[in-house]
>>> print(open('final-v6.txt').read())   # compact mmCIF, C-alpha atoms and all ligand atoms
# COMPACT_ATOMS: atom_id res chain seq x y z
CA MET A 1 2.66 -43.83 -8.83
CA THR A 2 6.06 -42.35 -9.61
CA VAL A 3 7.98 -44.23 -12.26
CA PRO A 4 11.74 -44.13 -11.81
CA THR A 5 13.38 -42.62 -14.81
CA THR A 6 16.87 -42.19 -16.10
CA SER A 7 15.93 -39.63 -18.65
CA PRO A 8 18.02 -36.53 -17.94
CA ASP A 9 15.29 -34.46 -19.45
CA HIS A 10 12.78 -35.75 -16.97
CA ASP A 11 15.24 -35.23 -14.14
CA ALA A 12 15.81 -31.68 -15.17
CA ASN A 13 12.14 -31.05 -14.78
CA GLY A 14 12.16 -32.59 -11.38
CA GLY A 15 10.05 -35.69 -11.96
CA GLY A 16 7.56 -36.28 -9.13
CA THR A 17 5.90 -33.93 -6.70
CA GLY A 18 7.35 -32.15 -3.69
CA ARG A 19 10.65 -31.33 -5.33
CA PRO A 20 13.10 -30.27 -2.65
CA GLU A 21 14.61 -27.60 -4.88
CA GLU A 22 11.36 -25.68 -4.94
CA ALA A 23 11.36 -23.11 -2.19
CA VAL A 24 8.34 -22.69 0.02
CA LEU A 25 6.03 -20.07 -1.37
CA ARG A 26 6.12 -17.89 1.67
CA PRO A 27 8.82 -18.46 4.28
CA HIS A 28 8.09 -17.27 7.81
CA ALA A 29 9.68 -14.00 8.87
CA GLU A 30 12.28 -15.81 10.99
CA GLN A 31 13.29 -17.87 7.92
CA ALA A 32 13.20 -15.08 5.37
CA PHE A 33 15.19 -12.70 7.56
CA ALA A 34 17.35 -15.22 9.42
CA ALA A 35 20.56 -13.47 8.38
CA GLU A 36 19.39 -10.08 9.60
CA LEU A 37 18.20 -11.55 12.89
CA ALA A 38 21.55 -13.29 13.42
CA ALA A 39 23.49 -10.11 12.62
CA LEU A 40 21.35 -8.15 15.07
CA ALA A 41 21.82 -10.75 17.80
CA ALA A 42 25.58 -10.63 17.29
CA ALA A 43 25.76 -6.83 17.39
CA ASP A 44 23.28 -6.44 20.24
CA ASP A 45 24.94 -5.63 23.57
CA ARG A 46 21.93 -4.07 25.26
CA PRO A 47 19.99 -5.74 28.06
CA ARG A 48 17.45 -8.30 26.91
CA PRO A 49 14.26 -9.07 28.81
CA PRO A 50 14.17 -12.69 30.07
CA ALA A 51 13.97 -15.23 27.22
CA TRP A 52 14.09 -12.55 24.50
CA ARG A 53 16.34 -13.27 21.52
CA LEU A 54 17.10 -9.58 21.09
CA SER A 55 17.00 -6.39 23.14
CA PRO A 56 14.05 -4.03 22.62
CA TRP A 57 16.41 -1.72 20.74
CA ALA A 58 17.40 -4.49 18.33
CA VAL A 59 13.78 -5.58 17.84
CA THR A 60 12.89 -1.99 16.92
CA THR A 61 15.85 -1.78 14.54
CA TYR A 62 14.74 -5.06 12.95
CA LEU A 63 11.29 -3.61 12.29
CA LEU A 64 12.27 -0.13 11.17
CA GLY A 65 15.61 -0.90 9.53
CA GLY A 66 19.06 0.55 10.10
CA VAL A 67 22.77 -0.05 9.67
CA LEU A 68 24.76 -2.05 12.25
CA PRO A 69 28.27 -1.00 13.37
CA ASP A 70 29.78 -3.73 11.15
CA GLY A 71 27.99 -2.31 8.12
CA THR A 72 25.19 -4.91 7.93
CA VAL A 73 22.09 -3.30 6.49
CA ILE A 74 18.80 -4.17 8.20
CA SER A 75 15.91 -3.66 5.80
CA PRO A 76 12.86 -1.78 7.04
CA LYS A 77 9.88 -4.10 7.46
CA TYR A 78 7.44 -1.51 8.73
CA VAL A 79 7.30 2.04 7.43
CA GLY A 80 5.63 4.29 9.97
CA PRO A 81 6.11 6.27 13.17
CA ARG A 82 9.05 5.00 15.26
CA ARG A 83 7.21 5.77 18.48
CA LEU A 84 4.45 3.28 17.66
CA VAL A 85 6.95 0.49 17.22
CA GLU A 86 8.74 1.47 20.44
CA VAL A 87 5.46 1.39 22.37
CA ALA A 88 4.57 -1.99 20.88
CA VAL A 89 7.97 -3.48 21.72
CA ALA A 90 8.02 -2.00 25.22
CA THR A 91 4.55 -3.42 25.87
CA LEU A 92 5.79 -6.92 25.12
CA ALA A 93 8.39 -6.54 27.85
CA THR A 94 5.65 -5.85 30.42
CA ASP A 95 2.93 -8.09 31.77
CA ARG A 96 0.39 -6.62 29.40
CA ALA A 97 -0.43 -8.08 26.03
CA LEU A 98 -0.32 -6.12 22.78
CA LEU A 99 -3.35 -5.37 20.60
CA LEU A 100 -2.63 -4.03 17.12
CA LEU A 101 -5.68 -2.23 15.85
CA GLY A 102 -6.30 -0.49 12.53
CA SER A 103 -8.04 -0.42 9.18
CA PRO A 104 -7.65 -3.38 6.86
CA GLY A 105 -4.29 -3.51 5.14
CA THR A 106 -2.33 -1.38 7.60
CA ALA A 107 0.23 -4.14 8.30
CA LYS A 108 -1.18 -5.42 11.60
CA THR A 109 -0.57 -9.06 10.70
CA TRP A 110 2.77 -8.21 9.15
CA VAL A 111 4.00 -6.31 12.23
CA SER A 112 2.73 -9.04 14.56
CA GLU A 113 4.63 -11.71 12.65
CA HIS A 114 7.87 -9.72 12.62
CA LEU A 115 7.60 -8.82 16.30
CA ALA A 116 7.14 -12.47 17.26
CA ALA A 117 10.03 -13.51 15.01
CA ALA A 118 12.37 -10.92 16.49
CA VAL A 119 11.41 -11.37 20.14
CA SER A 120 11.08 -15.14 20.38
CA GLY A 121 12.57 -16.40 17.13
CA ARG A 122 9.29 -17.92 15.96
CA SER A 123 6.13 -16.44 14.56
CA THR A 124 4.18 -19.65 14.07
CA LEU A 125 2.32 -20.03 17.38
CA LEU A 126 -0.76 -18.63 15.76
CA VAL A 127 -4.50 -18.72 16.35
CA GLN A 128 -6.59 -17.51 13.42
CA GLY A 129 -9.68 -15.90 14.87
CA THR A 130 -12.99 -16.58 13.15
CA ALA A 131 -16.60 -16.84 14.23
CA GLY A 132 -15.98 -20.59 14.50
CA THR A 133 -12.90 -20.39 16.74
CA ALA A 134 -13.53 -22.64 19.73
CA GLU A 135 -12.04 -22.64 23.20
CA GLU A 136 -9.68 -25.48 22.28
CA ALA A 137 -7.84 -23.11 19.97
CA ILE A 138 -6.96 -20.94 22.96
CA ARG A 139 -6.79 -23.51 25.76
CA TYR A 140 -6.20 -27.12 24.72
CA GLY A 141 -7.91 -30.01 23.01
CA TRP A 142 -7.67 -33.78 23.07
CA ASN A 143 -6.45 -36.48 20.77
CA TYR A 144 -9.73 -38.39 20.89
CA ALA A 145 -8.30 -41.76 19.88
CA ARG A 146 -5.90 -41.62 22.81
CA LEU A 147 -8.45 -40.09 25.12
CA LEU A 148 -10.83 -43.00 24.47
CA ALA A 149 -8.08 -45.60 24.71
CA GLU A 150 -6.23 -44.27 27.75
CA GLY A 151 -8.49 -41.73 29.40
CA PRO A 152 -7.25 -38.21 30.03
CA SER A 153 -3.47 -38.13 30.14
CA ALA A 154 -0.76 -35.64 29.36
CA ALA A 155 -0.04 -37.59 26.17
CA ALA A 156 -3.64 -37.26 25.00
CA LEU A 157 -3.63 -33.50 25.55
CA VAL A 158 -3.24 -31.34 22.45
CA PRO A 159 -1.91 -27.96 23.52
CA SER A 160 -3.15 -24.82 21.77
CA PRO A 161 -0.62 -22.38 20.32
CA VAL A 162 -1.24 -20.22 23.39
CA MET A 163 -0.45 -23.10 25.76
CA SER A 164 2.67 -23.96 23.78
CA ALA A 165 3.84 -20.36 23.95
CA MET A 166 3.31 -20.34 27.74
CA GLU A 167 5.44 -23.45 28.10
CA GLN A 168 8.10 -22.36 25.65
CA SER A 169 8.65 -18.73 26.73
CA ALA A 170 7.40 -17.50 23.40
CA ILE A 171 4.94 -15.08 21.88
CA ALA A 172 1.53 -16.36 20.82
CA ARG A 173 -0.28 -14.52 18.03
CA ILE A 174 -4.02 -14.18 17.81
CA GLU A 175 -5.32 -12.90 14.49
CA GLU A 176 -8.64 -11.07 14.23
CA LEU A 177 -9.40 -11.25 17.94
CA THR A 178 -12.74 -9.49 17.62
CA ARG A 179 -14.10 -12.12 15.25
CA ILE A 180 -13.83 -14.72 18.00
CA PRO A 181 -17.09 -15.19 19.95
CA SER A 182 -16.98 -13.33 23.29
CA ASP A 183 -17.23 -16.41 25.51
CA VAL A 184 -14.23 -17.91 23.72
CA GLN A 185 -12.31 -14.64 24.00
CA ASP A 186 -12.87 -14.80 27.73
CA ALA A 187 -10.71 -17.92 27.93
CA LEU A 188 -7.83 -15.50 27.48
CA ILE A 189 -8.58 -13.53 30.63
CA THR A 190 -7.08 -16.07 33.04
CA VAL A 191 -4.15 -16.63 30.75
CA LEU A 192 -3.37 -12.92 30.57
CA SER A 193 -4.06 -11.97 34.17
CA GLU A 194 -3.03 -15.08 36.10
CA LYS A 195 -0.50 -16.31 33.51
CA THR A 196 -1.76 -19.80 34.05
CA LEU A 197 -3.92 -22.30 32.23
CA PRO A 198 -5.60 -24.90 34.42
CA VAL A 199 -6.27 -28.39 33.04
CA PRO A 200 -8.90 -29.69 35.49
CA GLU A 201 -9.14 -33.06 33.74
CA LEU A 202 -5.57 -33.82 34.75
CA GLY A 203 -5.56 -31.83 37.97
CA ILE A 204 -2.67 -29.72 36.73
CA GLU A 205 -2.01 -26.23 35.48
CA VAL A 206 0.42 -24.87 32.94
CA GLN A 207 2.19 -21.80 34.23
CA ALA A 208 3.53 -19.33 31.71
CA ARG A 209 7.29 -18.97 31.63
CA GLN A 210 9.14 -15.69 31.35
CA GLY A 211 9.14 -14.48 27.78
CA PHE A 212 5.51 -15.46 27.17
CA ASN A 213 3.19 -12.81 25.85
CA VAL A 214 0.36 -12.39 23.35
CA ILE A 215 0.06 -10.18 20.28
CA ALA A 216 -3.49 -9.87 18.97
CA THR A 217 -4.68 -8.04 15.89
CA ALA A 218 -8.12 -6.62 15.22
CA ASN A 219 -9.64 -4.72 12.40
CA ASP A 220 -11.38 -1.49 13.35
CA ARG A 221 -13.92 -2.02 10.57
CA ASP A 222 -15.02 -5.19 12.38
CA ARG A 223 -15.81 -3.21 15.47
CA GLY A 224 -19.15 -4.32 16.76
CA VAL A 225 -18.76 -7.85 15.41
CA ASN A 226 -17.65 -9.10 18.80
CA GLU A 227 -16.66 -6.16 20.94
CA LEU A 228 -13.78 -6.94 23.27
CA SER A 229 -15.05 -7.25 26.81
CA SER A 230 -13.75 -4.51 29.06
CA ALA A 231 -12.13 -7.16 31.26
CA LEU A 232 -10.11 -8.37 28.30
CA ARG A 233 -9.42 -4.92 26.92
CA ARG A 234 -7.80 -3.93 30.22
CA ARG A 235 -5.23 -6.68 29.73
CA PHE A 236 -4.08 -5.28 26.41
CA ASN A 237 -2.14 -2.18 25.48
CA THR A 238 -3.58 -1.01 22.20
CA VAL A 239 -1.42 0.35 19.41
CA VAL A 240 -3.32 1.77 16.45
CA LEU A 241 -1.53 1.35 13.13
CA PRO A 242 -2.41 4.30 10.87
CA LEU A 243 -2.79 4.49 7.13
CA PRO A 244 0.37 6.03 5.65
CA GLY A 245 0.56 9.74 6.45
CA SER A 246 1.93 11.06 3.18
CA GLU A 247 1.85 10.02 -0.43
CA ASP A 248 5.64 9.64 -0.48
CA GLU A 249 5.49 7.28 2.48
CA GLU A 250 2.83 5.17 0.79
CA VAL A 251 4.80 5.06 -2.47
CA ASP A 252 7.81 3.93 -0.45
CA ILE A 253 5.83 1.12 1.24
CA VAL A 254 4.35 -0.12 -2.02
CA THR A 255 7.69 0.06 -3.88
CA ARG A 256 9.51 -1.94 -1.22
CA ARG A 257 6.91 -4.65 -0.85
CA VAL A 258 6.41 -5.00 -4.61
CA ALA A 259 10.15 -5.52 -5.01
CA GLN A 260 10.22 -8.12 -2.21
CA LEU A 261 7.20 -9.96 -3.59
CA GLY A 262 8.58 -9.91 -7.13
CA THR A 263 11.77 -11.55 -5.89
CA ALA A 264 9.88 -14.14 -3.84
CA LEU A 265 7.59 -15.01 -6.75
CA GLU A 266 10.54 -15.00 -9.14
CA LEU A 267 8.71 -12.73 -11.55
CA PRO A 268 10.88 -11.66 -14.45
CA PRO A 269 12.43 -8.34 -13.50
CA VAL A 270 10.45 -5.30 -14.55
CA PRO A 271 12.26 -1.95 -14.22
CA ALA A 272 11.35 0.22 -11.25
CA ALA A 273 7.88 1.39 -12.08
CA THR A 274 7.83 4.51 -9.96
CA GLU A 275 5.47 6.41 -12.20
CA GLU A 276 2.76 3.73 -12.24
CA ILE A 277 3.17 3.05 -8.52
CA ARG A 278 2.75 6.73 -7.75
CA ARG A 279 -0.38 6.89 -9.90
CA VAL A 280 -1.97 3.88 -8.16
CA VAL A 281 -1.18 5.42 -4.78
CA THR A 282 -2.53 8.82 -5.82
CA ILE A 283 -5.79 7.29 -7.04
CA PHE A 284 -6.25 5.21 -3.90
CA ARG A 285 -5.48 8.13 -1.60
CA GLU A 286 -7.84 10.44 -3.46
CA LEU A 287 -10.71 7.97 -3.44
CA ARG A 288 -10.07 7.08 0.19
CA SER A 289 -10.00 10.67 1.39
CA GLY A 290 -12.91 11.80 -0.78
CA GLN A 291 -11.06 14.63 -2.50
CA THR A 292 -8.36 15.24 -5.08
CA THR A 293 -4.81 15.91 -3.92
CA ASP A 294 -5.12 19.61 -4.76
CA GLY A 295 -8.25 19.75 -2.58
CA ARG A 296 -10.33 21.26 -5.43
CA THR A 297 -12.69 18.40 -6.27
CA ARG A 298 -14.77 16.44 -3.82
CA LEU A 299 -15.17 12.75 -4.61
CA LYS A 300 -17.35 9.88 -3.49
CA SER A 301 -15.50 7.03 -1.78
CA PRO A 302 -16.01 3.43 -2.91
CA SER A 303 -17.21 0.73 -0.49
CA GLY A 304 -13.99 -1.28 -0.37
CA THR A 305 -10.82 -0.31 1.47
CA LEU A 306 -8.07 0.98 -0.73
CA SER A 307 -5.15 0.34 1.57
CA PRO A 308 -1.46 -0.04 0.78
CA ALA A 309 -2.13 -3.80 0.70
CA GLU A 310 -4.49 -3.39 -2.29
CA ALA A 311 -2.02 -1.07 -4.01
CA ILE A 312 0.69 -3.69 -3.55
CA SER A 313 -1.42 -6.38 -5.18
CA VAL A 314 -2.53 -4.15 -8.06
CA VAL A 315 1.09 -3.33 -8.89
CA THR A 316 2.29 -6.93 -8.46
CA GLN A 317 -0.45 -8.14 -10.78
CA GLY A 318 0.52 -5.43 -13.26
CA ILE A 319 4.14 -6.56 -13.17
CA ALA A 320 3.11 -10.15 -13.88
CA LEU A 321 1.07 -8.92 -16.86
CA ALA A 322 3.90 -6.74 -18.14
CA ALA A 323 6.47 -9.49 -17.73
CA HIS A 324 4.50 -12.29 -19.34
CA PHE A 325 2.27 -10.52 -21.86
CA GLY A 326 3.68 -7.03 -22.29
CA ASP A 327 6.98 -5.56 -23.35
CA GLY A 328 8.62 -5.96 -19.94
CA GLN A 329 7.80 -2.41 -18.86
CA LEU A 330 4.93 -1.65 -16.51
CA ARG A 331 2.44 0.26 -18.67
CA PRO A 332 -0.84 2.00 -17.81
CA HIS A 333 -2.90 -0.84 -19.26
CA ASP A 334 -1.15 -3.35 -16.98
CA VAL A 335 -2.50 -1.63 -13.89
CA ALA A 336 -5.85 -0.38 -15.21
CA ALA A 337 -7.70 -3.69 -14.79
CA GLY A 338 -6.30 -4.21 -11.32
CA ILE A 339 -7.34 -0.73 -10.21
CA LEU A 340 -10.83 -1.28 -11.55
CA GLY A 341 -11.05 -4.59 -9.67
CA ALA A 342 -9.86 -3.01 -6.43
CA VAL A 343 -12.21 -0.03 -6.62
CA VAL A 344 -15.36 -1.70 -7.94
CA LYS A 345 -16.39 -4.19 -5.25
CA ASP A 346 -20.07 -3.38 -5.52
CA PRO A 347 -21.06 -3.61 -9.19
CA VAL A 348 -23.56 -0.74 -9.06
CA ALA A 349 -22.57 1.87 -6.49
CA ASP A 350 -18.81 1.51 -6.87
CA ARG A 351 -18.97 1.54 -10.63
CA ALA A 352 -20.74 4.89 -10.49
CA VAL A 353 -18.05 6.22 -8.14
CA TRP A 354 -15.32 4.99 -10.47
CA THR A 355 -16.92 6.36 -13.65
CA GLU A 356 -17.35 9.74 -12.04
CA TYR A 357 -13.71 9.76 -10.92
CA LEU A 358 -12.54 8.64 -14.34
CA GLU A 359 -14.44 11.34 -16.20
CA ALA A 360 -14.06 14.20 -13.74
CA VAL A 361 -10.49 13.68 -12.58
CA VAL A 362 -8.48 11.21 -14.67
CA ARG A 363 -9.63 12.63 -17.99
CA GLU A 364 -8.65 16.16 -17.01
CA ARG A 365 -5.05 15.24 -16.24
CA ARG A 366 -3.22 15.77 -19.53
CA ASP A 367 -0.24 13.54 -18.71
CA TRP A 368 -2.60 10.74 -17.68
CA ALA A 369 -4.09 10.39 -21.18
CA PRO A 370 -2.68 6.89 -21.90
CA PHE A 371 -3.95 5.75 -18.52
CA TYR A 372 -7.38 7.25 -19.19
CA ARG A 373 -7.60 5.37 -22.48
CA ALA A 374 -6.51 2.13 -20.80
CA CYS A 375 -9.22 2.56 -18.16
CA ARG A 376 -11.88 3.24 -20.77
CA GLU A 377 -10.85 0.04 -22.53
CA VAL A 378 -11.20 -2.17 -19.45
CA SER A 379 -14.34 -0.43 -18.17
CA GLY A 380 -16.06 -1.62 -21.33
N1 LIG B 401 3.18 0.86 6.93
C1 LIG B 401 3.54 -0.25 6.27
N2 LIG B 401 4.81 -0.64 6.23
C2 LIG B 401 5.18 -1.76 5.56
N3 LIG B 401 4.33 -2.58 4.92
C3 LIG B 401 3.04 -2.23 4.93
C4 LIG B 401 2.57 -1.05 5.60
N4 LIG B 401 1.23 -0.97 5.44
C5 LIG B 401 0.87 -2.05 4.70
N5 LIG B 401 1.94 -2.81 4.40
C6 LIG B 401 1.93 -4.05 3.63
O1 LIG B 401 0.59 -4.38 3.35
C7 LIG B 401 0.42 -5.78 3.31
C8 LIG B 401 -0.82 -6.20 4.08
O2 LIG B 401 -0.61 -6.04 5.43
P1 LIG B 401 -1.35 -6.96 6.50
O3 LIG B 401 -1.88 -8.19 5.90
O4 LIG B 401 -0.43 -7.08 7.65
O5 LIG B 401 -2.57 -6.01 6.87
P2 LIG B 401 -3.61 -6.14 8.05
O6 LIG B 401 -3.59 -4.83 8.75
O7 LIG B 401 -3.35 -7.38 8.85
O8 LIG B 401 -4.96 -6.26 7.23
P3 LIG B 401 -6.33 -7.03 7.60
O9 LIG B 401 -7.07 -6.16 8.54
O10 LIG B 401 -6.99 -7.13 6.26
O11 LIG B 401 -5.96 -8.36 8.20
C9 LIG B 401 1.70 -6.40 3.83
O12 LIG B 401 2.38 -6.93 2.73
C10 LIG B 401 2.48 -5.24 4.38
O13 LIG B 401 3.83 -5.39 4.14
MG MG B 402 -4.44 -9.13 9.15
>>> encode(input="final-v6.txt", output="structure tokens")
Amino acid sequence: MTVPTTSPDHDANGGGTGRPEEAVLRPHAEQAFAAELAALAAADDRPRPPAWRLSPWAVTTYLLGGVLPDGTVISPKYVGPRRLVEVAVATLATDRALLLLGSPGTAKTWVSEHLAAAVSGRSTLLVQGTAGTAEEAIRYGWNYARLLAEGPSAAALVPSPVMSAMEQSAIARIEELTRIPSDVQDALITVLSEKTLPVPELGIEVQARQGFNVIATANDRDRGVNELSSALRRRFNTVVLPLPGSEDEEVDIVTRRVAQLGTALELPPVPAATEEIRRVVTIFRELRSGQTTDGRTRLKSPSGTLSPAEAISVVTQGIALAAHFGDGQLRPHDVAAGILGAVVKDPVADRAVWTEYLEAVVRERRDWAPFYRACREVSG
């Protein structure tokens, strides 16, 4: 029970739960970037496909960043080849759906959310694919209390996100498509090819309106879990999101996202930690590719994926450590534990890989001596 209080002290701390002044932890793309989307819509004089909020050019600019004629700066969301984004956006303007494929942590979910936000102004019509995803998540379900009381009726029908998107000219997102059992995946075939969803219980069908499309993501490491049927695959254009091509690109991605996350989490500011970020990226790239940057030493790769996403969380964790327990500067020992945690997923095999890397590579780099010592400390 909440006790009313007049104590200013209590008020200052907010009192009960659900304080309105506390921002949501993670706003949707269309909320977080509402100002950019509005500026793009205002500046956008190119033709828009039916029901699109923006033209394909403006959607691409939203994703890759740019400067509008009135000087508004659009921040880059995705760092990668422009052509990939153009193909993805163009696909959404056709009758084919879009499949974003790639290794874990290559921004598939991120790109899908931003595309949906830019094209239809909402990114929340989302189906999370798992082995337990049932047909209702793609077609429709029922409110059983109403169904029992009234029998099948439009009011008792619970539309899936896909059905809602069809009705509302919007983009539906399906995450981890290949984790969904094949017979459930097949429910999408009629939707994608006929653009209709029959409801036999009511003797009706829902026909998709212009502007409807689907963006699915799938992890290429999951391949073989539930292979996409060829019938379904033919209804998708596939865009493969690559791991960052160069070290500089990866440093750029990590730096940007760490800054955004730090602001969102309201972490105390820690000065740009370029040196530590570059080191994390170098280590991850070397372990991932199985050789040192200079190509001289061959390395074993650990079992986990060391994607930009892991680098982002290692650095963010390091900043939290530095801000709350350190001297406010990101130091080698703030990232050492995080790196160890990211690399060593399997306690035996990965630890051997890490120890070998530490002794053969890290130790040899003279200017990495403080980092080497920090790693030795946390490795125990
Ligand atoms: N090329 C990139 N440009 C911008 N951000 C990137 C890039 N690659 C990775 N990221 C960042 O990495 C984080 C993780 O990305 P995301 O969750 O979208 O990966 P994913 O491909 O969906 O991974 P998973 O297969 O594990 O679901 C996001 O914060 C995203 O901003
Ligand atoms: Mg994902």
>>> residues_near_ligand(input="final-v6.txt", ligand="ligand LIG 401 (chain B)", cutoff="10 Å", atoms="only C-alpha atoms and all ligand atoms", output="PyMOL selection string")
chain A and resi 63-64+76-81+100-113+175-176+217-222+241-245+249-250+252-258+260-261+305+307-313
>>> residues_near_point(input="final-v6.txt", point="(-13.6, -17.3, 13.0)", cutoff="12 Å", atoms="only C-alpha atoms", output="list in words")
Val127, Gln128, Gly129, Thr130, Ala131, Gly132, Thr133, Ala134, Glu135, Ala137, Ile174, Glu175, Glu176, Leu177, Thr178, Arg179, Ile180, Pro181, Ser182, Val184, Gln185, Val225 and Asn226 of chain A
>>> residues_near_point(input="final-v6.txt", point="(-13.3, -12.8, 29.1)", cutoff="9 Å", atoms="all atoms listed in the file", output="count of residues only")
14
>>> residues_around(input="final-v6.txt", residues="Val158 in chain A", least_positions_apart="2", cutoff="6 Å", atoms="all atoms listed in the file", output="ChimeraX atom specification")
/A:140-142
>>> closest_residue(input="final-v6.txt", among="A:Arg173, A:Arg122, A:Ala117, A:Glu86", to="ligand MG 402 (chain B)", atoms="all atoms listed in the file")
A:Arg173
>>> closest_residue(input="final-v6.txt", among="A:Ala216, A:Glu22, A:Ala149, A:Pro302", to="ligand MG 402 (chain B)", atoms="only C-alpha atoms and all ligand atoms")
A:Ala216
>>> closest_residue(input="final-v6.txt", among="A:Ala42, A:Leu202, A:Ala165, A:Leu98", to="Leu147 in chain A", atoms="all atoms listed in the file")
A:Leu202
>>> decode(input="final-v6.txt", residues="range 110-124 of chain A", atoms="N, CA and C atoms", output="PDB file, in the first residue's frame")
ATOM      1  N   TRP A 110      18.529  -5.002 -35.122  1.00  0.00           N
ATOM      2  CA  TRP A 110      18.667  -3.549 -35.093  1.00  0.00           C
ATOM      3  C   TRP A 110      18.211  -2.924 -36.415  1.00  0.00           C
ATOM      4  N   VAL A 111      18.686  -3.479 -37.533  1.00  0.00           N
ATOM      5  CA  VAL A 111      18.314  -2.950 -38.848  1.00  0.00           C
ATOM      6  C   VAL A 111      16.819  -3.175 -39.094  1.00  0.00           C
ATOM      7  N   SER A 112      16.326  -4.343 -38.701  1.00  0.00           N
ATOM      8  CA  SER A 112      14.908  -4.639 -38.907  1.00  0.00           C
ATOM      9  C   SER A 112      14.022  -3.641 -38.154  1.00  0.00           C
ATOM     10  N   GLU A 113      14.401  -3.352 -36.926  1.00  0.00           N
ATOM     11  CA  GLU A 113      13.621  -2.391 -36.138  1.00  0.00           C
ATOM     12  C   GLU A 113      13.630  -1.007 -36.787  1.00  0.00           C
ATOM     13  N   HIS A 114      14.803  -0.553 -37.209  1.00  0.00           N
ATOM     14  CA  HIS A 114      14.890   0.785 -37.795  1.00  0.00           C
ATOM     15  C   HIS A 114      14.191   0.858 -39.147  1.00  0.00           C
ATOM     16  N   LEU A 115      14.255  -0.208 -39.922  1.00  0.00           N
ATOM     17  CA  LEU A 115      13.548  -0.200 -41.212  1.00  0.00           C
ATOM     18  C   LEU A 115      12.047  -0.071 -40.980  1.00  0.00           C
ATOM     19  N   ALA A 116      11.527  -0.874 -40.043  1.00  0.00           N
ATOM     20  CA  ALA A 116      10.084  -0.828 -39.777  1.00  0.00           C
ATOM     21  C   ALA A 116       9.684   0.557 -39.258  1.00  0.00           C
ATOM     22  N   ALA A 117      10.508   1.125 -38.386  1.00  0.00           N
ATOM     23  CA  ALA A 117      10.203   2.452 -37.841  1.00  0.00           C
ATOM     24  C   ALA A 117      10.168   3.501 -38.943  1.00  0.00           C
ATOM     25  N   ALA A 118      11.119   3.424 -39.867  1.00  0.00           N
ATOM     26  CA  ALA A 118      11.209   4.451 -40.905  1.00  0.00           C
ATOM     27  C   ALA A 118      10.116   4.268 -41.956  1.00  0.00           C
ATOM     28  N   VAL A 119       9.823   3.022 -42.319  1.00  0.00           N
ATOM     29  CA  VAL A 119       8.858   2.794 -43.396  1.00  0.00           C
ATOM     30  C   VAL A 119       7.436   2.982 -42.887  1.00  0.00           C
ATOM     31  N   SER A 120       7.094   2.349 -41.748  1.00  0.00           N
ATOM     32  CA  SER A 120       5.692   2.437 -41.341  1.00  0.00           C
ATOM     33  C   SER A 120       5.482   3.138 -40.007  1.00  0.00           C
ATOM     34  N   GLY A 121       6.538   3.728 -39.461  1.00  0.00           N
ATOM     35  CA  GLY A 121       6.356   4.540 -38.258  1.00  0.00           C
ATOM     36  C   GLY A 121       6.178   3.715 -37.003  1.00  0.00           C
ATOM     37  N   ARG A 122       6.245   2.401 -37.104  1.00  0.00           N
ATOM     38  CA  ARG A 122       6.158   1.561 -35.908  1.00  0.00           C
ATOM     39  C   ARG A 122       6.938   0.278 -36.107  1.00  0.00           C
ATOM     40  N   SER A 123       7.648  -0.100 -35.039  1.00  0.00           N
ATOM     41  CA  SER A 123       8.512  -1.270 -35.151  1.00  0.00           C
ATOM     42  C   SER A 123       8.039  -2.375 -34.234  1.00  0.00           C
ATOM     43  N   THR A 124       6.814  -2.221 -33.695  1.00  0.00           N
ATOM     44  CA  THR A 124       6.402  -3.081 -32.578  1.00  0.00           C
ATOM     45  C   THR A 124       5.516  -4.261 -32.979  1.00  0.00           C
TER      46      THR A 124
END
